[in-house]
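Reviewing the structure listed below.
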Amino acid sequence: MTPAIEIREVHKRFASLHALRGVSLRVEPGEFFALLGPNGAGKTTLINILAGLSRATQGRCAVMGHDVVDDYRNARRVLGVVPQELVYDAFFTVREMLRFQSGYFGLRRNDDWIDELLHNLGLTDKAESPTRKLSGGMKRRVLVAQALVHKPPVIVLDEPTAGVDVELRQSLWAFIRRLNRDGHTIVLTTHYLEEAETLCSRIAMLKQGQVIALDSTENLLRNHGATEVRLRLNPGRLPEMLRPMLSSAEGNDFRLSLRQCGELETVMAALRAANINIDDVEVSKPDLEAVFLRIMGKPIKSH
Amino acid sequence: MSGLWTLFYKEILRFWKVSLQTILSPLVTTLLYLLIFSHVLEAHVQVYPGVGYASFLIPGLVMMAMLQNAFANSSSSLIQSKMAGNIVFLLLPPLAYWEFFAAYVAAAVVRGLVVGLGVGLAGLWFVPLTLAHPLWMALFALAGCAMLGAAGIITALWAGSYDQMAAVQNFVIMPLTFLSGVFYSIHSLPPFWQALSRYNPFFYLIDGFRYGFFGVSDVSPALGLSIVGTCFLALSLATLALLKSGYKLRN
């Protein structure tokens, strides 16, 4: 099957900066994919190359099998991009902007879909307002609507929830999820890792222009995540055999990280054998934030 | 074609929404020139035999207004989009670079013609005008607006700030229009300046446009139009090459 997005050995060099160093990625149709990484990792540069806003120094990209350089018109027809910057055209109303955007994509009569977009994004009563008069969150919704006027099979959202309140975040994700269920491929970047964890089935992590992790969310959590147990012990000492699990200690409080939940058994047995009582216990599930920090903390293998 | 048409319509709507600034204000400025210069010089200057100075002046002013407004339309629209970042709305869709070019130039032509027509009609109120060769007049009007529309795109692509943009407008476009024979016939100039004027493409625009009104010109209209046409072609090819390469747009 043709991948929704295929990125092969993409390099991008700016004057003094090697922003992308051989990135290769494949996103399959229907996936909900996250592109994560710290600021400056190259996420937006990669999206810009994919969208034709910038050109790769080396390497190739295709959207639904259409090369973004050689076959740019078809590649852009199947791609919808929500840019990170909160841009708008001060001259026009929301509806005018959406009509123009439809026209640029070759759609002359698109008002039914525009109305549906406005409705789903809570913009119906702002349709005739000039875009410059909208709040930041509203402008963000207009950007989402503009990216969707042509019902693109592949949708890329570059930090769509930056600076957006909780309510809009929820409704935005509900809408994007529905698009995904309807078969649209979604790629997003975000700094809210819990969003990526709950929404995305697969994740790529970028650091200094390289993909340093690429796996299903489930595998990443399993392989890199740790269950953390915080124990308040009485007396406040840890049996020798539990030392290797210790991640931090403060007074009578000990934090242990476990590879699997099953190790809890070993911990309990060791404490019982040493006659140590547990005054308090707290278990926390592995989360993507911990996995992210762990992976980002590793030095990059050079190749 | 739908993309081209939409962008053209958007560009028209853009200047129409701020027509006080884009149509009325250049109209008023140009009419002030007409009022002042014709008042001061009417009795003293006669360029063509039997043509009063005010009559002589009007076609020049009309052409000047058209050139400046055609340039202003494409250049200011594009630089604003670049500076505000909303140029991405044009870069993400499958618009071909030639559609981009054609839409901006066409809108610049419309704005130029609207302002030019306004100035011309208002001028008629002061002095009667003849139209000796309307077709030549129309051809030179179109060529002038299109040429400056293309020049506006190049300038806005190149400019990294409003300041650089204004520099081109004030130090290149303005002098070239003023020194092209709007207010005088170049035959009245000393030989050196007369020769230099012949390197100014705007001179041929004004001269040929005036021929359309009076049937008299410094250079034959066919020669003028071919020079102007060549300039337009060269500017267009340059603009298209820049747009195709993504110069300062896709980087």
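Chains: A, B, ... in order of the structure tokens. Residues: from 1 per chain. Ligands: from 1, in order shown.
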
Write out as JSON lines a residue-level contact list of chain A versus chain B with cut-off 10 Å: for each qualifying residue the closest pair of atoms and the distance in Å to one decimal, counting only C-alpha atoms, rows sorted by chain and residue number upward.
```
{"residue": "A:Phe14", "atom": "CA", "partner": "B:Asn251", "partner_atom": "CA", "distance": 9.4}
{"residue": "A:Thr45", "atom": "CA", "partner": "B:Asn251", "partner_atom": "CA", "distance": 9.8}
{"residue": "A:Asn48", "atom": "CA", "partner": "B:Arg250", "partner_atom": "CA", "distance": 8.8}
{"residue": "A:Ile49", "atom": "CA", "partner": "B:Arg250", "partner_atom": "CA", "distance": 9.1}
{"residue": "A:Ala51", "atom": "CA", "partner": "B:Leu92", "partner_atom": "CA", "distance": 6.4}
{"residue": "A:Gly52", "atom": "CA", "partner": "B:Leu92", "partner_atom": "CA", "distance": 7.0}
{"residue": "A:Leu53", "atom": "CA", "partner": "B:Arg250", "partner_atom": "CA", "distance": 4.7}
{"residue": "A:Ser54", "atom": "CA", "partner": "B:Asn251", "partner_atom": "CA", "distance": 4.5}
{"residue": "A:Arg55", "atom": "CA", "partner": "B:Asn251", "partner_atom": "CA", "distance": 6.6}
{"residue": "A:Ala56", "atom": "CA", "partner": "B:Asn251", "partner_atom": "CA", "distance": 9.5}
{"residue": "A:Asp71", "atom": "CA", "partner": "B:Pro94", "partner_atom": "CA", "distance": 9.9}
{"residue": "A:Tyr72", "atom": "CA", "partner": "B:Pro94", "partner_atom": "CA", "distance": 7.0}
{"residue": "A:Arg73", "atom": "CA", "partner": "B:Pro94", "partner_atom": "CA", "distance": 4.4}
{"residue": "A:Asn74", "atom": "CA", "partner": "B:Pro94", "partner_atom": "CA", "distance": 7.2}
{"residue": "A:Ala75", "atom": "CA", "partner": "B:Pro94", "partner_atom": "CA", "distance": 8.1}
{"residue": "A:Arg76", "atom": "CA", "partner": "B:Pro94", "partner_atom": "CA", "distance": 5.4}
{"residue": "A:Arg77", "atom": "CA", "partner": "B:Pro94", "partner_atom": "CA", "distance": 6.2}
{"residue": "A:Val78", "atom": "CA", "partner": "B:Pro94", "partner_atom": "CA", "distance": 9.7}
{"residue": "A:Leu79", "atom": "CA", "partner": "B:Leu92", "partner_atom": "CA", "distance": 8.6}
{"residue": "A:Gly80", "atom": "CA", "partner": "B:Leu92", "partner_atom": "CA", "distance": 8.0}
{"residue": "A:Val81", "atom": "CA", "partner": "B:Leu92", "partner_atom": "CA", "distance": 7.6}
{"residue": "A:Val82", "atom": "CA", "partner": "B:Leu92", "partner_atom": "CA", "distance": 9.9}
{"residue": "A:Pro83", "atom": "CA", "partner": "B:Val88", "partner_atom": "CA", "distance": 8.3}
{"residue": "A:Glu85", "atom": "CA", "partner": "B:Gly85", "partner_atom": "CA", "distance": 8.0}
{"residue": "A:Leu86", "atom": "CA", "partner": "B:Gly85", "partner_atom": "CA", "distance": 8.6}
{"residue": "A:Val87", "atom": "CA", "partner": "B:Asn86", "partner_atom": "CA", "distance": 5.4}
{"residue": "A:Tyr88", "atom": "CA", "partner": "B:Asn86", "partner_atom": "CA", "distance": 5.6}
{"residue": "A:Asp89", "atom": "CA", "partner": "B:Asn86", "partner_atom": "CA", "distance": 6.0}
{"residue": "A:Ala90", "atom": "CA", "partner": "B:Ala84", "partner_atom": "CA", "distance": 9.0}
{"residue": "A:Phe91", "atom": "CA", "partner": "B:Arg14", "partner_atom": "CA", "distance": 6.4}
{"residue": "A:Phe92", "atom": "CA", "partner": "B:Arg14", "partner_atom": "CA", "distance": 8.0}
{"residue": "A:Glu96", "atom": "CA", "partner": "B:Lys10", "partner_atom": "CA", "distance": 8.8}
{"residue": "A:Met97", "atom": "CA", "partner": "B:Phe89", "partner_atom": "CA", "distance": 9.2}
{"residue": "A:Arg99", "atom": "CA", "partner": "B:Thr6", "partner_atom": "CA", "distance": 8.7}
{"residue": "A:Phe100", "atom": "CA", "partner": "B:Thr6", "partner_atom": "CA", "distance": 6.1}
{"residue": "A:Gln101", "atom": "CA", "partner": "B:Phe89", "partner_atom": "CA", "distance": 7.1}
{"residue": "A:Ser102", "atom": "CA", "partner": "B:Gly3", "partner_atom": "CA", "distance": 8.6}
{"residue": "A:Gly103", "atom": "CA", "partner": "B:Gly3", "partner_atom": "CA", "distance": 5.4}
{"residue": "A:Tyr104", "atom": "CA", "partner": "B:Gly3", "partner_atom": "CA", "distance": 4.0}
{"residue": "A:Phe105", "atom": "CA", "partner": "B:Pro93", "partner_atom": "CA", "distance": 5.7}
{"residue": "A:Gly106", "atom": "CA", "partner": "B:Ser2", "partner_atom": "CA", "distance": 5.1}
{"residue": "A:Leu107", "atom": "CA", "partner": "B:Ser2", "partner_atom": "CA", "distance": 7.3}
{"residue": "A:Arg108", "atom": "CA", "partner": "B:Ser2", "partner_atom": "CA", "distance": 7.0}
{"residue": "A:Leu143", "atom": "CA", "partner": "B:Phe89", "partner_atom": "CA", "distance": 9.5}
{"residue": "A:Gln146", "atom": "CA", "partner": "B:Phe89", "partner_atom": "CA", "distance": 8.3}
{"residue": "A:Ala147", "atom": "CA", "partner": "B:Leu92", "partner_atom": "CA", "distance": 8.9}
{"residue": "A:His150", "atom": "CA", "partner": "B:Pro93", "partner_atom": "CA", "distance": 9.5}
```

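Across B:Gly120, B:Val105, B:Ile173, B:Leu233, the tightest approach to Gly60 (chain B) is made by B:Gly120 when counting only C-alpha atoms.
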
Item to check | Spatial neighbours of Val110 (chain B), max dist 9 Å, only C-alpha atoms, sep filter under 3 positions, as a list in words | outcome: Ile12, Ala70, Val105, Ala106, Ala107, Leu113, Val114, Val115 and Cys145 of chain B

Generate the output file for the selected residues, N, CA and C atoms, as an mmCIF file, in the first residue's frame.
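Below you can see result08.cif, which holds the result:
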```cif
data_model
loop_
_atom_site.group_PDB
_atom_site.id
_atom_site.type_symbol
_atom_site.label_atom_id
_atom_site.label_comp_id
_atom_site.auth_asym_id
_atom_site.auth_seq_id
_atom_site.Cartn_x
_atom_site.Cartn_y
_atom_site.Cartn_z
ATOM 1 N N ILE B 12 -8.227 41.780 -5.958
ATOM 2 C CA ILE B 12 -9.128 42.890 -6.274
ATOM 3 C C ILE B 12 -9.877 43.316 -5.014
ATOM 4 N N ALA B 70 -0.191 50.554 -10.054
ATOM 5 C CA ALA B 70 0.015 49.150 -10.410
ATOM 6 C C ALA B 70 1.172 48.580 -9.604
ATOM 7 N N VAL B 105 -0.321 40.245 -11.332
ATOM 8 C CA VAL B 105 -0.178 41.240 -12.402
ATOM 9 C C VAL B 105 -1.557 41.727 -12.854
ATOM 10 N N ALA B 106 -2.495 40.793 -13.014
ATOM 11 C CA ALA B 106 -3.825 41.180 -13.475
ATOM 12 C C ALA B 106 -4.499 42.133 -12.490
ATOM 13 N N ALA B 107 -4.339 41.843 -11.193
ATOM 14 C CA ALA B 107 -4.953 42.722 -10.190
ATOM 15 C C ALA B 107 -4.282 44.093 -10.216
ATOM 16 N N LEU B 113 -5.686 50.701 -13.895
ATOM 17 C CA LEU B 113 -6.681 51.221 -14.838
ATOM 18 C C LEU B 113 -7.792 51.982 -14.117
ATOM 19 N N VAL B 114 -8.213 51.463 -12.960
ATOM 20 C CA VAL B 114 -9.284 52.141 -12.222
ATOM 21 C C VAL B 114 -8.827 53.541 -11.816
ATOM 22 N N VAL B 115 -7.609 53.636 -11.264
ATOM 23 C CA VAL B 115 -7.111 54.951 -10.850
ATOM 24 C C VAL B 115 -6.903 55.839 -12.081
ATOM 25 N N CYS B 145 0.808 49.218 -16.967
ATOM 26 C CA CYS B 145 0.321 48.637 -15.709
ATOM 27 C C CYS B 145 0.912 47.237 -15.506
#
```

Item to check | Within 8 Å of Leu31 (chain B) using only C-alpha atoms, minus same-chain residues under 6 positions, as an MDAnalysis selection string | outcome: chainID B and resid 119 122:123

If you keep N, CA, C and O atoms, can you produce a file of those selected residues as a PDB file, in the first residue's frame?
```pdb
ATOM      1  N   VAL B 119      -8.609  59.485 -12.863  1.00  0.00           N
ATOM      2  CA  VAL B 119      -7.866  60.718 -13.116  1.00  0.00           C
ATOM      3  C   VAL B 119      -8.280  61.307 -14.464  1.00  0.00           C
ATOM      4  O   VAL B 119      -8.529  62.511 -14.589  1.00  0.00           O
ATOM      5  N   ALA B 122     -11.800  62.802 -14.292  1.00  0.00           N
ATOM      6  CA  ALA B 122     -11.786  64.044 -13.518  1.00  0.00           C
ATOM      7  C   ALA B 122     -11.100  65.139 -14.334  1.00  0.00           C
ATOM      8  O   ALA B 122     -11.491  66.315 -14.270  1.00  0.00           O
ATOM      9  N   GLY B 123     -10.054  64.770 -15.110  1.00  0.00           N
ATOM     10  CA  GLY B 123      -9.336  65.747 -15.932  1.00  0.00           C
ATOM     11  C   GLY B 123     -10.241  66.364 -16.981  1.00  0.00           C
ATOM     12  O   GLY B 123     -10.151  67.551 -17.276  1.00  0.00           O
TER      13      GLY B 123
END
```

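In this comparison, which uses only C-alpha atoms, the residue of B:Ile79, B:Met64, B:Ile23, B:Leu32 approaching Leu157 (chain B) most closely is B:Ile79.
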
Checklist entry - Using only C-alpha atoms, which residues sit within 8 Å of region 37-51 of chain B once same-chain residues fewer than 6 positions away are excluded, as a list in words? => result Leu57, Tyr184, Ser185 and Val216 of chain B

Please dump the current selection as a short mmCIF file (atom, residue, chain, number, x, y, z; two decimals), in the first residue's frame; keep C-alpha atoms.
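Result file is again.cif:
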```
data_model
loop_
_atom_site.label_atom_id
_atom_site.label_comp_id
_atom_site.auth_asym_id
_atom_site.auth_seq_id
_atom_site.Cartn_x
_atom_site.Cartn_y
_atom_site.Cartn_z
CA LEU B 57 -0.34 67.27 -18.78
CA TYR B 184 7.46 68.15 -20.19
CA SER B 185 8.46 66.90 -23.61
CA VAL B 216 1.86 63.52 -31.74
#
```

Item to check | Those in region 22-200 of chain A with strand (DSSP E) from DSSP, as a PyMOL selection string | outcome: chain A and resi 22-27+32-36+58-63+66-67+79-82+154-158+185-189

Convert the current residue selection to file output with N, CA, C and O atoms, as a tab-separated table (two decimals), in the first residue's frame.
```
chain	number	residue	atom	x	y	z
A	22	GLY	N	19.52	13.28	7.83
A	22	GLY	CA	19.16	11.96	7.34
A	22	GLY	C	17.93	11.37	8.02
A	22	GLY	O	17.98	10.30	8.61
A	23	VAL	N	16.81	12.09	7.93
A	23	VAL	CA	15.57	11.60	8.55
A	23	VAL	C	14.82	10.70	7.56
A	23	VAL	O	14.62	11.06	6.40
A	24	SER	N	14.45	9.53	8.02
A	24	SER	CA	13.61	8.63	7.23
A	24	SER	C	12.41	8.23	8.08
A	24	SER	O	12.57	7.87	9.25
A	25	LEU	N	11.24	8.31	7.48
A	25	LEU	CA	10.00	7.99	8.21
A	25	LEU	C	8.97	7.49	7.21
A	25	LEU	O	8.98	7.89	6.05
A	26	ARG	N	8.09	6.65	7.67
A	26	ARG	CA	6.96	6.21	6.86
A	26	ARG	C	5.73	6.28	7.74
A	26	ARG	O	5.73	5.75	8.84
A	27	VAL	N	4.70	6.95	7.27
A	27	VAL	CA	3.44	6.97	8.00
A	27	VAL	C	2.41	6.30	7.12
A	27	VAL	O	2.25	6.67	5.95
A	32	PHE	N	-2.50	7.67	13.31
A	32	PHE	CA	-2.49	8.90	14.12
A	32	PHE	C	-1.09	8.95	14.69
A	32	PHE	O	-0.74	8.20	15.59
A	33	PHE	N	-0.27	9.80	14.11
A	33	PHE	CA	1.17	9.74	14.31
A	33	PHE	C	1.66	11.00	15.00
A	33	PHE	O	1.22	12.10	14.68
A	34	ALA	N	2.58	10.85	15.95
A	34	ALA	CA	3.13	12.03	16.64
A	34	ALA	C	4.60	12.20	16.30
A	34	ALA	O	5.34	11.22	16.21
A	35	LEU	N	4.97	13.43	16.11
A	35	LEU	CA	6.36	13.78	15.87
A	35	LEU	C	6.77	14.62	17.08
A	35	LEU	O	6.29	15.74	17.25
A	36	LEU	N	7.59	14.02	17.94
A	36	LEU	CA	7.94	14.71	19.17
A	36	LEU	C	9.42	15.08	19.19
A	36	LEU	O	10.23	14.47	18.50
A	58	GLN	N	18.84	17.53	0.61
A	58	GLN	CA	19.11	16.19	0.09
A	58	GLN	C	17.97	15.29	0.54
A	58	GLN	O	17.37	15.53	1.59
A	59	GLY	N	17.66	14.24	-0.23
A	59	GLY	CA	16.61	13.32	0.18
A	59	GLY	C	15.28	13.63	-0.47
A	59	GLY	O	15.14	14.63	-1.17
A	60	ARG	N	14.30	12.77	-0.25
A	60	ARG	CA	13.02	12.87	-0.94
A	60	ARG	C	11.87	12.74	0.03
A	60	ARG	O	11.97	12.02	1.02
A	61	CYS	N	10.75	13.38	-0.31
A	61	CYS	CA	9.52	13.22	0.47
A	61	CYS	C	8.37	13.00	-0.49
A	61	CYS	O	8.34	13.60	-1.56
A	62	ALA	N	7.43	12.18	-0.08
A	62	ALA	CA	6.22	12.00	-0.88
A	62	ALA	C	5.01	11.95	0.03
A	62	ALA	O	5.07	11.44	1.15
A	63	VAL	N	3.91	12.52	-0.44
A	63	VAL	CA	2.63	12.43	0.26
A	63	VAL	C	1.69	11.63	-0.63
A	63	VAL	O	1.49	11.98	-1.80
A	66	HIS	N	2.97	11.02	-3.98
A	66	HIS	CA	3.32	12.14	-4.86
A	66	HIS	C	4.55	12.86	-4.31
A	66	HIS	O	4.51	13.40	-3.19
A	67	ASP	N	5.59	12.91	-5.10
A	67	ASP	CA	6.81	13.58	-4.68
A	67	ASP	C	6.52	15.07	-4.45
A	67	ASP	O	5.88	15.72	-5.29
A	79	LEU	N	-2.63	17.09	0.96
A	79	LEU	CA	-2.05	17.44	2.26
A	79	LEU	C	-2.72	18.69	2.83
A	79	LEU	O	-2.94	19.67	2.11
A	80	GLY	N	-3.06	18.64	4.11
A	80	GLY	CA	-3.56	19.83	4.80
A	80	GLY	C	-2.63	20.13	5.96
A	80	GLY	O	-2.33	19.25	6.75
A	81	VAL	N	-2.16	21.36	6.03
A	81	VAL	CA	-1.20	21.70	7.07
A	81	VAL	C	-1.74	22.83	7.94
A	81	VAL	O	-2.19	23.85	7.43
A	82	VAL	N	-1.70	22.62	9.25
A	82	VAL	CA	-2.03	23.69	10.19
A	82	VAL	C	-0.70	24.25	10.69
A	82	VAL	O	0.01	23.59	11.43
A	154	VAL	N	-4.37	13.50	4.15
A	154	VAL	CA	-3.28	13.58	5.13
A	154	VAL	C	-3.29	14.97	5.77
A	154	VAL	O	-3.26	15.98	5.08
A	155	ILE	N	-3.36	14.98	7.10
A	155	ILE	CA	-3.45	16.25	7.82
A	155	ILE	C	-2.28	16.37	8.78
A	155	ILE	O	-2.02	15.47	9.58
A	156	VAL	N	-1.55	17.47	8.68
A	156	VAL	CA	-0.41	17.69	9.57
A	156	VAL	C	-0.71	18.90	10.45
A	156	VAL	O	-1.05	19.97	9.95
A	157	LEU	N	-0.61	18.69	11.75
A	157	LEU	CA	-0.88	19.78	12.68
A	157	LEU	C	0.39	20.08	13.48
A	157	LEU	O	0.86	19.24	14.24
A	158	ASP	N	0.92	21.28	13.27
A	158	ASP	CA	2.15	21.66	13.95
A	158	ASP	C	1.80	22.43	15.22
A	158	ASP	O	1.45	23.60	15.15
A	185	THR	N	-5.34	10.44	7.63
A	185	THR	CA	-4.09	10.21	8.34
A	185	THR	C	-3.73	11.49	9.08
A	185	THR	O	-3.79	12.57	8.50
A	186	ILE	N	-3.37	11.37	10.34
A	186	ILE	CA	-3.06	12.56	11.13
A	186	ILE	C	-1.61	12.50	11.62
A	186	ILE	O	-1.18	11.48	12.16
A	187	VAL	N	-0.90	13.58	11.41
A	187	VAL	CA	0.44	13.71	11.99
A	187	VAL	C	0.43	14.98	12.82
A	187	VAL	O	-0.01	16.02	12.35
A	188	LEU	N	0.91	14.88	14.05
A	188	LEU	CA	0.92	16.10	14.86
A	188	LEU	C	2.22	16.25	15.61
A	188	LEU	O	2.92	15.27	15.89
A	189	THR	N	2.56	17.49	15.90
A	189	THR	CA	3.64	17.75	16.84
A	189	THR	C	2.99	18.46	18.03
A	189	THR	O	2.01	19.19	17.86
```

Checklist entry - Which neighbours of Gln68 (chain B) fall inside 12 Å, counting only C-alpha atoms, when residues of the same chain fewer than 6 positions from it are skipped, and could you give them as a PyMOL selection string? => result chain B and resi 22-23+26-27+29-30+61-62+74-76+108-109+111-113+115-116+144-149+151-152+168-170+172-178+202

Next on the checklist: Which residues are near Arg21 (chain A)? Cut-off 8 Å, only C-alpha atoms, ignore same chain within fewer than 5 positions. Put them as number ranges by chain.
Outcome noted: A: 9-12, 208-210

Writing out the chosen residues with C-alpha atoms as a short mmCIF file (atom, residue, chain, number, x, y, z; two decimals), in the first residue's frame:
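So the final result, stored in out.cif, reads:
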```
data_model
loop_
_atom_site.label_atom_id
_atom_site.label_comp_id
_atom_site.auth_asym_id
_atom_site.auth_seq_id
_atom_site.Cartn_x
_atom_site.Cartn_y
_atom_site.Cartn_z
CA GLU A 9 17.10 10.28 4.02
CA VAL A 10 16.17 13.94 4.24
CA HIS A 11 18.90 16.43 5.06
CA LYS A 12 18.45 20.14 5.53
CA GLN A 208 19.14 17.39 16.79
CA GLY A 209 17.75 16.51 13.39
CA GLN A 210 17.75 12.75 13.82
#
```

Next on the checklist: From a backbone DSSP assignment, name each residue in region 15-171 of chain B labelled alpha helix (DSSP H), as a PyMOL selection string.
Outcome noted: chain B and resi 15-17+19+25-41+53-84+88-91+97-124+134-158+162-168

Item to check | Which residue of A:Gly262, A:Gly30, A:Gly297, A:Pro286 approaches Pro153 (chain A) most closely, using only C-alpha atoms | outcome: A:Gly30

Checklist outcome for this item: Here CA of Leu214 (chain A) and CA of Arg202 (chain A) stand apart by 7.5 Å
